[in-house]
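Here is the file coords08.txt (compact mmCIF, C-alpha atoms).
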# COMPACT_ATOMS: atom_id res chain seq x y z
CA MET W 1 30.61 99.01 174.01
CA SER W 2 27.40 100.61 175.14
CA GLY W 3 26.41 103.79 173.36
CA LYS W 4 28.89 103.29 170.55
CA LYS W 5 27.38 102.92 167.10
CA LEU W 6 30.38 101.23 165.57
CA VAL W 7 33.43 99.69 167.18
CA ILE W 8 36.41 98.67 165.07
CA ASP W 9 38.49 96.58 167.41
CA CYS W 10 42.11 95.86 166.55
CA VAL W 11 41.37 94.95 162.95
CA THR W 12 44.11 93.59 160.72
CA LYS W 13 43.60 92.78 157.06
CA THR W 14 46.15 90.90 155.00
CA PHE W 15 45.82 90.23 151.29
CA SER W 16 47.76 87.23 150.08
CA GLU W 17 48.94 87.20 146.50
CA LYS W 18 47.90 84.19 144.46
CA LYS W 19 51.29 83.89 142.84
CA GLY W 20 54.56 83.96 144.74
CA GLY W 21 52.96 83.64 148.16
CA THR W 22 53.85 87.15 149.32
CA SER W 23 51.19 88.96 151.28
CA THR W 24 50.40 92.60 151.81
CA ILE W 25 49.22 93.98 155.11
CA ALA W 26 46.59 96.58 154.25
CA LEU W 27 45.53 97.37 157.81
CA ARG W 28 47.23 96.60 161.10
CA ASP W 29 45.65 96.88 164.54
CA PHE W 30 43.10 99.44 163.43
CA ASN W 31 40.99 100.81 166.29
CA LEU W 32 38.16 103.29 165.96
CA GLU W 33 34.89 103.96 167.74
CA ILE W 34 32.06 105.93 166.27
CA GLU W 35 29.21 107.49 168.19
CA ASP W 36 25.58 107.46 167.22
CA SER W 37 24.88 109.98 164.43
CA GLU W 38 28.49 111.06 164.34
CA PHE W 39 30.12 112.32 161.14
CA VAL W 40 33.66 110.97 160.89
CA CYS W 41 36.04 111.73 158.05
CA LEU W 42 38.91 109.46 157.18
CA VAL W 43 41.93 110.93 155.42
CA GLY W 44 45.33 109.56 154.61
CA PRO W 45 47.83 109.05 151.82
CA SER W 46 46.63 106.99 148.88
CA GLY W 47 46.98 103.28 149.37
CA CYS W 48 46.70 103.52 153.14
CA GLY W 49 43.75 101.13 153.27
CA LYS W 50 40.88 103.59 153.58
CA THR W 51 38.79 101.73 151.03
CA THR W 52 39.73 98.38 152.57
CA LEU W 53 38.49 99.62 155.92
CA LEU W 54 35.14 100.67 154.44
CA LYS W 55 34.77 97.31 152.73
CA LEU W 56 35.42 95.56 156.02
CA VAL W 57 32.80 97.65 157.77
CA ALA W 58 30.41 97.04 154.88
CA GLY W 59 31.04 93.33 155.27
CA LEU W 60 32.28 92.90 151.71
CA GLU W 61 35.66 91.76 153.01
CA GLN W 62 36.45 89.74 156.12
CA ALA W 63 39.04 90.94 158.62
CA SER W 64 42.07 88.68 158.99
CA SER W 65 41.94 89.31 162.73
CA GLY W 66 40.07 91.62 165.09
CA SER W 67 36.35 92.38 165.05
CA ILE W 68 33.89 95.02 163.99
CA TYR W 69 30.73 95.60 166.01
CA LEU W 70 27.66 97.53 164.96
CA ASP W 71 25.43 98.32 167.93
CA GLY W 72 27.32 95.62 169.80
CA ASN W 73 26.69 92.92 167.19
CA PRO W 74 29.64 91.54 165.25
CA VAL W 75 29.67 92.31 161.53
CA THR W 76 29.88 89.06 159.55
CA GLY W 77 28.66 90.02 156.08
CA PRO W 78 27.01 92.75 154.05
CA GLY W 79 23.80 94.10 155.49
CA ARG W 80 21.21 96.72 154.74
CA GLU W 81 21.89 98.64 157.95
CA ARG W 82 25.23 99.76 156.46
CA GLY W 83 24.73 101.77 153.27
CA LEU W 84 27.64 102.17 150.89
CA VAL W 85 28.29 104.96 148.38
CA PHE W 86 31.13 104.54 145.89
CA GLN W 87 33.14 107.23 144.15
CA ASP W 88 32.04 105.97 140.74
CA PHE W 89 28.37 105.79 141.77
CA ALA W 90 27.81 102.12 140.76
CA LEU W 91 24.27 102.79 139.56
CA PHE W 92 22.39 100.05 137.75
CA PRO W 93 22.40 101.40 134.18
CA TRP W 94 19.27 99.45 133.19
CA ARG W 95 17.16 101.04 135.92
CA ASP W 96 15.84 104.57 135.90
CA VAL W 97 16.40 106.84 138.88
CA ILE W 98 13.41 105.70 140.89
CA ALA W 99 14.06 102.00 140.21
CA ASN W 100 17.68 102.43 141.27
CA VAL W 101 16.65 104.06 144.51
CA ALA W 102 13.93 101.46 145.10
CA PHE W 103 16.38 98.56 144.79
CA GLY W 104 16.76 98.13 148.54
CA PRO W 105 13.03 98.11 149.33
CA GLU W 106 12.53 95.86 146.30
CA VAL W 107 14.91 93.11 147.42
CA LEU W 108 13.23 93.35 150.81
CA LYS W 109 10.01 92.48 148.92
CA LEU W 110 8.05 95.45 150.26
CA PRO W 111 4.72 96.14 148.54
CA LEU W 112 5.05 98.23 145.39
CA ALA W 113 3.27 101.28 146.78
CA GLU W 114 5.57 101.29 149.79
CA ARG W 115 8.67 100.99 147.59
CA ILE W 116 7.58 103.96 145.53
CA ARG W 117 6.80 106.01 148.62
CA ILE W 118 10.21 105.32 150.17
CA ALA W 119 12.06 105.92 146.90
CA GLU W 120 10.24 109.17 146.23
CA HIS W 121 11.01 110.38 149.72
CA SER W 122 14.73 109.62 149.30
CA ILE W 123 14.86 111.23 145.88
CA ASP W 124 13.17 114.26 147.33
CA LEU W 125 15.82 114.46 150.01
CA VAL W 126 18.61 114.70 147.44
CA GLY W 127 16.62 117.13 145.29
CA LEU W 128 16.10 115.01 142.18
CA SER W 129 12.32 114.87 142.07
CA GLY W 130 12.31 116.24 138.54
CA SER W 131 14.31 113.38 137.07
CA ILE W 132 12.86 110.19 138.54
CA HIS W 133 12.36 108.51 135.16
CA LYS W 134 15.75 109.34 133.70
CA TYR W 135 18.38 106.67 133.17
CA PRO W 136 21.91 106.93 134.61
CA ALA W 137 23.36 107.53 131.13
CA GLU W 138 21.29 110.73 130.93
CA LEU W 139 22.50 112.14 134.25
CA SER W 140 25.48 114.33 135.12
CA GLY W 141 28.09 113.18 137.64
CA GLY W 142 26.56 115.17 140.48
CA MET W 143 23.10 113.82 139.73
CA LYS W 144 24.39 110.26 139.59
CA GLN W 145 26.00 110.67 142.99
CA ARG W 146 22.72 112.04 144.36
CA VAL W 147 20.98 108.93 143.09
CA ALA W 148 23.61 106.74 144.75
CA ILE W 149 23.13 108.59 148.03
CA ALA W 150 19.35 108.39 147.75
CA ARG W 151 19.62 104.68 147.04
CA ALA W 152 21.69 104.16 150.19
CA LEU W 153 19.28 106.30 152.25
CA ALA W 154 16.23 104.42 150.98
CA ASN W 155 17.34 101.44 153.06
CA ASN W 156 17.30 103.65 156.14
CA PRO W 157 20.79 102.51 157.18
CA GLU W 158 22.23 102.98 160.65
CA LEU W 159 25.54 103.89 159.15
CA LEU W 160 26.43 105.52 155.87
CA LEU W 161 29.79 104.53 154.39
CA MET W 162 31.05 106.89 151.73
CA ASP W 163 34.16 106.10 149.70
CA GLU W 164 35.41 109.37 148.18
CA PRO W 165 31.89 110.02 146.92
CA PHE W 166 32.65 113.45 145.52
CA GLY W 167 36.12 112.62 144.23
CA SER W 168 35.17 112.60 140.57
CA LEU W 169 33.01 115.73 140.65
CA ASP W 170 34.10 119.19 139.55
CA ALA W 171 34.87 121.72 142.28
CA GLN W 172 31.55 123.57 142.01
CA THR W 173 29.40 120.47 142.14
CA ARG W 174 31.55 119.07 144.88
CA TYR W 175 31.04 122.08 147.12
CA LEU W 176 27.31 121.98 146.47
CA MET W 177 27.13 118.28 147.24
CA GLN W 178 29.08 118.73 150.47
CA LYS W 179 26.58 121.29 151.67
CA GLU W 180 23.68 119.09 150.64
CA LEU W 181 25.16 116.09 152.38
CA LEU W 182 25.41 118.10 155.59
CA GLY W 183 21.80 119.16 155.09
CA ILE W 184 20.70 115.55 154.74
CA TRP W 185 22.79 114.49 157.70
CA ASN W 186 21.17 117.23 159.77
CA VAL W 187 17.73 115.87 158.97
CA ASP W 188 18.56 112.19 159.14
CA ARG W 189 21.25 112.07 161.84
CA LYS W 190 22.82 108.87 160.52
CA ALA W 191 26.34 108.04 161.56
CA VAL W 192 28.63 108.65 158.58
CA ILE W 193 32.11 107.41 157.75
CA PHE W 194 33.35 109.57 154.94
CA VAL W 195 36.59 108.64 153.19
CA THR W 196 38.33 111.40 151.26
CA HIS W 197 41.80 112.42 150.19
CA SER W 198 40.92 116.10 150.51
CA VAL W 199 41.78 117.52 153.92
CA GLU W 200 39.65 120.55 153.20
CA GLU W 201 36.64 118.36 152.54
CA ALA W 202 37.30 116.39 155.71
CA VAL W 203 37.53 119.50 157.89
CA PHE W 204 34.49 121.01 156.19
CA LEU W 205 32.32 117.97 156.85
CA GLY W 206 33.50 115.94 159.79
CA GLU W 207 32.95 116.22 163.51
CA ARG W 208 36.15 114.27 163.81
CA VAL W 209 38.91 113.77 161.27
CA VAL W 210 40.85 110.53 161.49
CA VAL W 211 44.29 110.60 159.89
CA MET W 212 45.58 107.24 158.77
CA SER W 213 49.18 106.19 158.42
CA SER W 214 50.13 104.19 155.38
CA SER W 215 51.22 100.64 154.67
CA PRO W 216 50.09 99.07 156.84
CA GLY W 217 47.19 101.39 157.55
CA SER W 218 46.31 102.29 161.09
CA VAL W 219 45.04 105.31 163.01
CA LYS W 220 47.77 107.94 163.20
CA SER W 221 45.88 110.73 164.89
CA ILE W 222 42.35 111.96 165.49
CA TYR W 223 41.35 115.61 165.29
CA PRO W 224 38.06 116.77 166.79
CA ILE W 225 36.71 119.63 164.67
CA ASN W 226 34.94 121.91 167.11
CA LEU W 227 33.68 124.39 164.58
CA SER W 228 29.99 125.03 164.25
CA TYR W 229 28.16 124.26 161.01
CA PRO W 230 27.97 125.71 158.44
CA ARG W 231 31.73 126.03 158.32
CA ARG W 232 33.50 128.62 156.26
CA LEU W 233 36.56 127.62 154.27
CA THR W 234 38.13 131.00 155.00
CA ASP W 235 37.81 131.05 158.81
CA ALA W 236 41.12 131.39 160.57
CA ALA W 237 40.38 128.36 162.79
CA PHE W 238 39.40 126.34 159.74
CA ILE W 239 42.62 127.16 157.93
CA THR W 240 44.75 126.41 160.99
CA LEU W 241 43.21 122.96 161.36
CA ARG W 242 43.50 122.26 157.67
CA GLU W 243 47.19 123.14 157.66
CA LYS W 244 47.87 121.11 160.78
CA ILE W 245 46.25 117.99 159.35
CA THR W 246 47.87 118.50 155.96
CA SER W 247 51.34 118.64 157.44
CA ASP W 248 50.50 115.61 159.57
CA ILE W 249 49.73 113.63 156.40
CA ALA W 250 52.70 115.09 154.58
CA ALA W 251 54.99 113.85 157.35
CA GLU W 252 53.52 110.41 156.78
CA VAL W 253 54.21 110.42 153.05
CA GLY W 254 57.63 112.03 153.25
CA MET A 255 12.59 78.13 114.60
CA VAL A 256 12.29 75.20 116.98
CA GLY A 257 16.03 74.60 116.78
CA PHE A 258 16.79 78.23 117.41
CA ALA A 259 14.41 78.44 120.35
CA LEU A 260 15.97 75.33 121.83
CA ALA A 261 19.44 76.77 121.34
CA GLY A 262 18.36 80.02 122.95
CA VAL A 263 16.94 78.30 126.01
CA THR A 264 19.78 75.82 126.51
CA GLY A 265 22.52 78.26 125.57
CA ILE A 266 21.35 81.01 127.88
CA PHE A 267 20.61 78.60 130.70
CA LEU A 268 24.01 76.90 130.58
CA GLY A 269 25.72 80.21 129.93
CA ILE A 270 24.27 81.69 133.10
CA ILE A 271 25.42 78.70 135.13
CA ILE A 272 28.92 78.71 133.68
CA GLY A 273 29.32 82.46 133.76
CA TRP A 274 28.07 82.93 137.31
CA TRP A 275 29.48 80.01 139.27
CA ARG A 276 33.18 79.36 139.10
CA ASN A 277 32.89 75.67 139.94
CA ALA A 278 30.48 75.04 137.10
CA ARG A 279 32.84 76.81 134.79
CA ASP A 280 35.84 74.69 135.75
CA LEU A 281 33.75 71.56 135.31
CA LEU A 282 31.97 72.29 132.02
CA GLU A 283 34.34 74.49 130.09
CA PRO A 284 36.73 71.74 128.92
CA ILE A 285 33.83 69.71 127.54
CA ILE A 286 32.44 72.70 125.70
CA GLU A 287 35.77 73.80 124.34
CA LEU A 288 36.29 70.28 123.01
CA LEU A 289 32.99 70.19 121.15
CA ARG A 290 32.96 73.78 119.97
CA PRO A 291 35.69 73.61 117.30
CA ILE A 292 33.82 70.85 115.43
CA PRO A 293 32.01 72.66 112.59
CA PRO A 294 28.26 72.06 112.52
CA LEU A 295 28.60 70.78 108.97
CA ALA A 296 30.80 67.95 110.22
CA TRP A 297 27.82 66.84 112.30
CA ILE A 298 25.55 66.38 109.28
CA PRO A 299 26.33 62.69 108.71
CA LEU A 300 25.87 61.90 112.38
CA ALA A 301 22.68 63.93 112.48
CA MET A 302 21.27 61.92 109.62
CA LEU A 303 22.31 58.66 111.27
CA TRP A 304 20.64 59.64 114.51
CA PHE A 305 17.56 61.41 113.25
CA GLY A 306 17.09 60.17 109.68
CA LEU A 307 15.96 62.60 107.01
CA GLY A 308 13.65 65.58 107.23
CA PHE A 309 12.72 67.84 110.09
CA LYS A 310 14.59 66.38 113.05
CA PRO A 311 18.20 66.50 111.85
CA ALA A 312 17.59 70.07 110.70
CA VAL A 313 16.42 71.03 114.18
CA PHE A 314 19.50 69.36 115.63
CA LEU A 315 21.87 71.17 113.28
CA ILE A 316 20.30 74.56 113.89
CA TRP A 317 20.50 73.96 117.60
CA LEU A 318 24.15 73.01 117.25
CA GLY A 319 25.01 76.04 115.14
CA ALA A 320 23.17 78.56 117.28
CA PHE A 321 24.02 77.03 120.65
CA PHE A 322 27.69 77.93 120.91
CA PRO A 323 27.57 81.63 120.03
CA ILE A 324 24.65 82.06 122.43
CA LEU A 325 26.39 80.10 125.16
CA LEU A 326 29.71 81.88 124.86
CA ASN A 327 28.19 85.34 124.76
CA THR A 328 26.04 84.58 127.78
CA VAL A 329 29.07 83.33 129.68
CA LEU A 330 31.01 86.43 128.71
CA GLY A 331 28.16 88.71 129.72
CA MET A 332 27.68 87.07 133.11
CA GLU A 333 31.40 87.07 133.83
CA SER A 334 31.78 90.73 133.05
CA THR A 335 29.09 91.85 135.49
CA PRO A 336 30.82 94.79 137.20
CA ASN A 337 31.94 93.75 140.67
CA LYS A 338 30.95 97.17 142.04
CA LEU A 339 27.33 96.54 141.12
CA VAL A 340 27.37 93.18 142.84
CA GLU A 341 28.92 94.73 145.94
CA VAL A 342 26.48 97.60 146.06
CA ALA A 343 23.57 95.21 145.63
CA LYS A 344 24.88 93.13 148.53
CA THR A 345 25.05 96.15 150.81
CA LEU A 346 21.49 96.96 149.79
CA GLY A 347 20.44 93.57 151.09
CA ALA A 348 20.20 91.43 147.96
CA GLY A 349 20.45 87.65 148.43
CA PRO A 350 22.30 85.28 146.07
CA TRP A 351 19.31 84.70 143.75
CA GLN A 352 18.46 88.37 143.69
CA LEU A 353 22.06 89.10 142.73
CA LEU A 354 21.72 86.68 139.83
CA PHE A 355 18.37 87.88 138.56
CA LYS A 356 18.50 91.57 139.42
CA VAL A 357 22.18 92.28 138.73
CA GLY A 358 23.89 89.52 136.75
CA LEU A 359 21.19 88.88 134.17
CA PRO A 360 20.29 92.47 133.29
CA SER A 361 23.96 93.32 133.17
CA ALA A 362 24.59 90.43 130.79
CA ALA A 363 21.53 91.17 128.65
CA PRO A 364 23.34 93.13 125.89
CA SER A 365 25.87 90.36 125.51
CA ILE A 366 23.15 87.70 125.47
CA MET A 367 21.30 89.59 122.76
CA ALA A 368 24.48 89.76 120.70
CA GLY A 369 24.81 86.00 121.12
CA LEU A 370 21.25 85.48 119.91
CA ARG A 371 21.91 87.63 116.88
CA ILE A 372 25.02 85.69 115.91
CA GLY A 373 23.30 82.44 116.80
CA ILE A 374 20.34 83.04 114.54
CA GLY A 375 22.71 83.73 111.65
CA VAL A 376 24.75 80.60 112.18
CA GLY A 377 21.59 78.59 112.78
CA TRP A 378 20.11 79.77 109.53
CA MET A 379 23.27 78.80 107.64
CA CYS A 380 23.15 75.38 109.23
CA LEU A 381 19.53 74.96 108.24
CA VAL A 382 20.25 75.66 104.62
CA ALA A 383 23.30 73.39 104.72
CA ALA A 384 21.16 70.65 106.19
CA GLU A 385 18.58 71.10 103.46
CA LEU A 386 21.26 70.99 100.79
CA THR A 387 22.24 67.51 101.85
CA GLY A 388 19.63 65.72 103.83
CA SER A 389 16.23 67.13 103.07
CA ASN A 390 13.45 67.06 100.54
CA SER A 391 12.00 70.50 101.10
CA GLY A 392 13.09 74.06 101.93
CA LEU A 393 15.26 76.63 100.27
CA GLY A 394 18.44 74.55 100.37
CA TYR A 395 16.61 71.70 98.72
CA MET A 396 15.20 74.11 96.14
CA ILE A 397 18.69 75.30 95.21
CA MET A 398 19.95 71.77 94.79
CA TYR A 399 16.85 70.82 92.81
CA TYR A 400 17.24 73.68 90.31
CA TYR A 401 20.94 72.99 90.18
CA SER A 402 20.14 69.48 88.99
CA THR A 403 17.73 70.84 86.37
CA MET A 404 20.34 73.45 85.34
CA GLU A 405 18.09 76.45 86.03
CA ALA A 406 20.65 78.97 87.23
CA SER A 407 18.19 81.83 87.63
CA LYS A 408 16.04 79.87 90.06
CA THR A 409 19.12 78.75 91.94
CA VAL A 410 20.09 82.37 92.35
CA ALA A 411 16.52 83.19 93.39
CA GLY A 412 16.82 80.56 96.09
CA MET A 413 20.07 82.06 97.31
CA LEU A 414 18.58 85.54 97.39
CA MET A 415 15.63 84.21 99.39
CA ILE A 416 18.06 82.80 101.93
CA GLY A 417 19.71 86.18 102.17
CA ILE A 418 16.42 88.02 102.53
CA VAL A 419 15.04 85.72 105.21
CA GLY A 420 18.31 85.99 107.14
CA PHE A 421 18.14 89.75 106.86
CA LEU A 422 14.54 89.86 108.10
CA MET A 423 15.43 87.74 111.11
CA PHE A 424 18.30 90.10 111.82
CA ILE A 425 15.98 93.12 111.65
CA GLY A 426 13.45 91.42 113.91
CA LEU A 427 16.01 90.66 116.57
CA LYS A 428 17.52 94.12 116.30
CA LYS A 429 14.08 95.63 116.96
CA LEU A 430 13.60 93.39 119.95
CA GLU A 431 17.03 94.33 121.22
CA ASP A 432 16.41 98.05 120.85
CA ASN A 433 13.23 97.68 122.86
CA MET A 434 14.85 95.67 125.61
CA LEU A 435 18.11 97.53 125.89
CA PHE A 436 16.93 101.09 125.49
CA TRP A 437 18.95 102.10 128.57
CA LYS A 438 22.18 101.54 126.72
CA ALA A 439 21.44 104.04 124.00
CA ALA A 440 20.95 107.27 125.89
Could I get this structure in the form of structure tokens?
Amino acid sequence: MSGKKLVIDCVTKTFSEKKGGTSTIALRDFNLEIEDSEFVCLVGPSGCGKTTLLKLVAGLEQASSGSIYLDGNPVTGPGRERGLVFQDFALFPWRDVIANVAFGPEVLKLPLAERIRIAEHSIDLVGLSGSIHKYPAELSGGMKQRVAIARALANNPELLLMDEPFGSLDAQTRYLMQKELLGIWNVDRKAVIFVTHSVEEAVFLGERVVVMSSSPGSVKSIYPINLSYPRRLTDAAFITLREKITSDIAAEVG
Amino acid sequence: MVGFALAGVTGIFLGIIIGWWRNARDLLEPIIELLRPIPPLAWIPLAMLWFGLGFKPAVFLIWLGAFFPILLNTVLGMESTPNKLVEVAKTLGAGPWQLLFKVGLPSAAPSIMAGLRIGIGVGWMCLVAAELTGSNSGLGYMIMYYYSTMEASKTVAGMLMIGIVGFLMFIGLKKLEDNMLFWKAA
């Protein structure tokens, strides 16, 4: 396991229904290894367990069998070294931007000056310095997602878990956010697991694209994306890869 | 005021416990649901037996009237804390107490405030009801007194006073609420 940032070893997750006693297998024998500072995108048909996988890695759910290791240590619960960004932002509506971002340092009981310094740095990174005292209700979708990303970054996580973070944004904002995310990743070099249902987004962002098969979810195929950043959506190589992965997923659904 | 403050403290405290921990809920809810349907007015005789006449039974009745709306709204508010926020707080490193105080409570605050607002109204009604029957001072007593001397205008004046005081308390709480929950408005 040396050198690997994250190892997902033969993970199975079953959800048992409370009534009737039937159970659903969300993931079966899922294996994946992620390198230090690698950007991995996860695509697959809806309901294939992408979100379940992220929750397992985040420690919010426990695997039914198999193990997950971060830097060689088994994951047993949620922890600050794994930052999570949801599609619907999940900002604390009663906190302004800076207080949202400072949540991590705050629960760590860092001194106030330190919290502010860290939060301001993170907010700077996502380009929201002008709005630090605004409340979530006053922000646009793109801004909210920036806050959520800044909040995750403020904890200086080893691994950033992103669950369709740009799924609810309009196309323009989405494209902008993708480029900004790559910019941040370039500076920070965190390992990222990015879940999306858009193949284009996956090929645009990821160093590797993992295609999942559905019910029960497992790794179907892995595509290394050997295109240099910044990628262009109109490159012939880009389009070829996109089509290949799209038909791969389509075969899975059909 | 004492009764209302007591109701606020006990109602919110119990509400947090019941709304946040499932076990506490299973244990305490049947007891509460048994006591809740009994109208505060039905407690007046018992209150007088326990506490005699005057200040103490009034405090008890106000507490009783205000307690349940505050309790139930607190429970509701705590229970409806969005799971996403709890999860995100966990991944940011929050411990169980931090989850309660930094996520659950602020998230339940609007609901708790609504409970206080309803509670103060019910409490005020109970106070007047208590004065009507078991007291020798206060607005309720005043109404009954002028009723016995057949002075309708002063009876009406007493009723209006009750309305006005209730209204002022409502305004006061609303102001407090607007200050505390400004983040909801925007």
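Comparing A:Gly375, A:Pro336, A:Gly319, A:Gly269 by their smallest distance to chain W, the closest is A:Pro336 (using all atoms listed in the file).
Restricting the calculation to all atoms listed in the file, the smallest distance between Asp248 (chain W) and any of W:Lys190, W:Arg115, W:His121, W:Lys220 is found for W:Lys220.
Interatomic distance, CA of Glu201 (chain W) to CA of Val85 (chain W): 16.3 Å.
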For this session: Enumerate as a PyMOL selection string the residues belonging to chain W that approach chain A to within 10 Å, with all atoms listed in the file taken into account.
Result: chain W and resi 55+58-60+77-86+88-96+102-108+134-139+148+151-155+157
Edge lengths and centre, in Å to one decimal, as lines of an AutoDock Vina configuration file: that's what I need for the box along x, y and z that holds all listed atoms of region 95-109 of chain W plus 3 Å on each side.
center_x = 13.8
center_y = 99.7
center_z = 143.4
size_x = 13.7
size_y = 20.4
size_z = 20.9
Seminar exercise, completed: A straight line from CA of Glu431 (chain A) to CA of Gly377 (chain A) spans 18.4 Å
Exercise. Please, what distance in Å, to one decimal, runs between CA of Ala26 (chain W) and CA of Ser46 (chain W)?
Worked result: 11.7 Å
For this session: Name the residues in contact with Asn327 (chain A) at a cut-off of 6 Å, using all atoms listed in the file, excluding same-chain residues fewer than 5 positions from it; report them as a PyMOL selection string.
Result: chain A and resi 365-366+369
Mind completing region 269-290 of chain A with N, CA and C atoms? Output as a compact mmCIF listing (two decimals), in the coordinates of the input, please?
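The resulting file, result_38.txt, is reproduced below:
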# COMPACT_ATOMS: atom_id res chain seq x y z
N GLY A 269 24.82 79.06 129.89
CA GLY A 269 25.72 80.21 129.93
C GLY A 269 25.65 80.92 131.27
N ILE A 270 24.44 81.04 131.80
CA ILE A 270 24.27 81.69 133.10
C ILE A 270 24.99 80.88 134.17
N ILE A 271 24.80 79.56 134.12
CA ILE A 271 25.42 78.70 135.13
C ILE A 271 26.94 78.81 135.06
N ILE A 272 27.47 78.70 133.84
CA ILE A 272 28.92 78.71 133.68
C ILE A 272 29.50 80.09 133.99
N GLY A 273 28.80 81.12 133.57
CA GLY A 273 29.32 82.46 133.76
C GLY A 273 29.24 82.95 135.20
N TRP A 274 28.34 82.39 135.97
CA TRP A 274 28.07 82.93 137.31
C TRP A 274 28.78 82.15 138.39
N TRP A 275 28.85 80.84 138.22
CA TRP A 275 29.48 80.01 139.27
C TRP A 275 30.80 79.46 138.78
N ARG A 276 31.83 79.77 139.50
CA ARG A 276 33.18 79.36 139.10
C ARG A 276 33.33 77.85 138.99
N ASN A 277 32.76 77.12 139.94
CA ASN A 277 32.89 75.67 139.94
C ASN A 277 32.32 75.06 138.67
N ALA A 278 31.13 75.55 138.30
CA ALA A 278 30.48 75.04 137.10
C ALA A 278 31.36 75.30 135.89
N ARG A 279 32.00 76.44 135.90
CA ARG A 279 32.84 76.81 134.79
C ARG A 279 34.02 75.84 134.66
N ASP A 280 34.69 75.59 135.78
CA ASP A 280 35.84 74.69 135.75
C ASP A 280 35.44 73.30 135.28
N LEU A 281 34.22 72.90 135.64
CA LEU A 281 33.75 71.56 135.31
C LEU A 281 33.36 71.45 133.83
N LEU A 282 32.60 72.44 133.34
CA LEU A 282 31.97 72.29 132.02
C LEU A 282 32.78 72.87 130.87
N GLU A 283 33.66 73.81 131.18
CA GLU A 283 34.34 74.49 130.09
C GLU A 283 35.17 73.57 129.20
N PRO A 284 35.95 72.62 129.79
CA PRO A 284 36.73 71.74 128.92
C PRO A 284 35.87 70.96 127.93
N ILE A 285 34.72 70.47 128.41
CA ILE A 285 33.83 69.71 127.54
C ILE A 285 33.37 70.58 126.37
N ILE A 286 32.97 71.81 126.72
CA ILE A 286 32.44 72.70 125.70
C ILE A 286 33.52 73.10 124.71
N GLU A 287 34.70 73.38 125.24
CA GLU A 287 35.77 73.80 124.34
C GLU A 287 36.24 72.66 123.44
N LEU A 288 35.96 71.42 123.85
CA LEU A 288 36.29 70.28 123.01
C LEU A 288 35.29 70.16 121.86
N LEU A 289 34.03 70.38 122.17
CA LEU A 289 32.99 70.19 121.15
C LEU A 289 32.87 71.38 120.21
N ARG A 290 33.22 72.55 120.71
CA ARG A 290 32.96 73.78 119.97
C ARG A 290 33.70 73.87 118.63
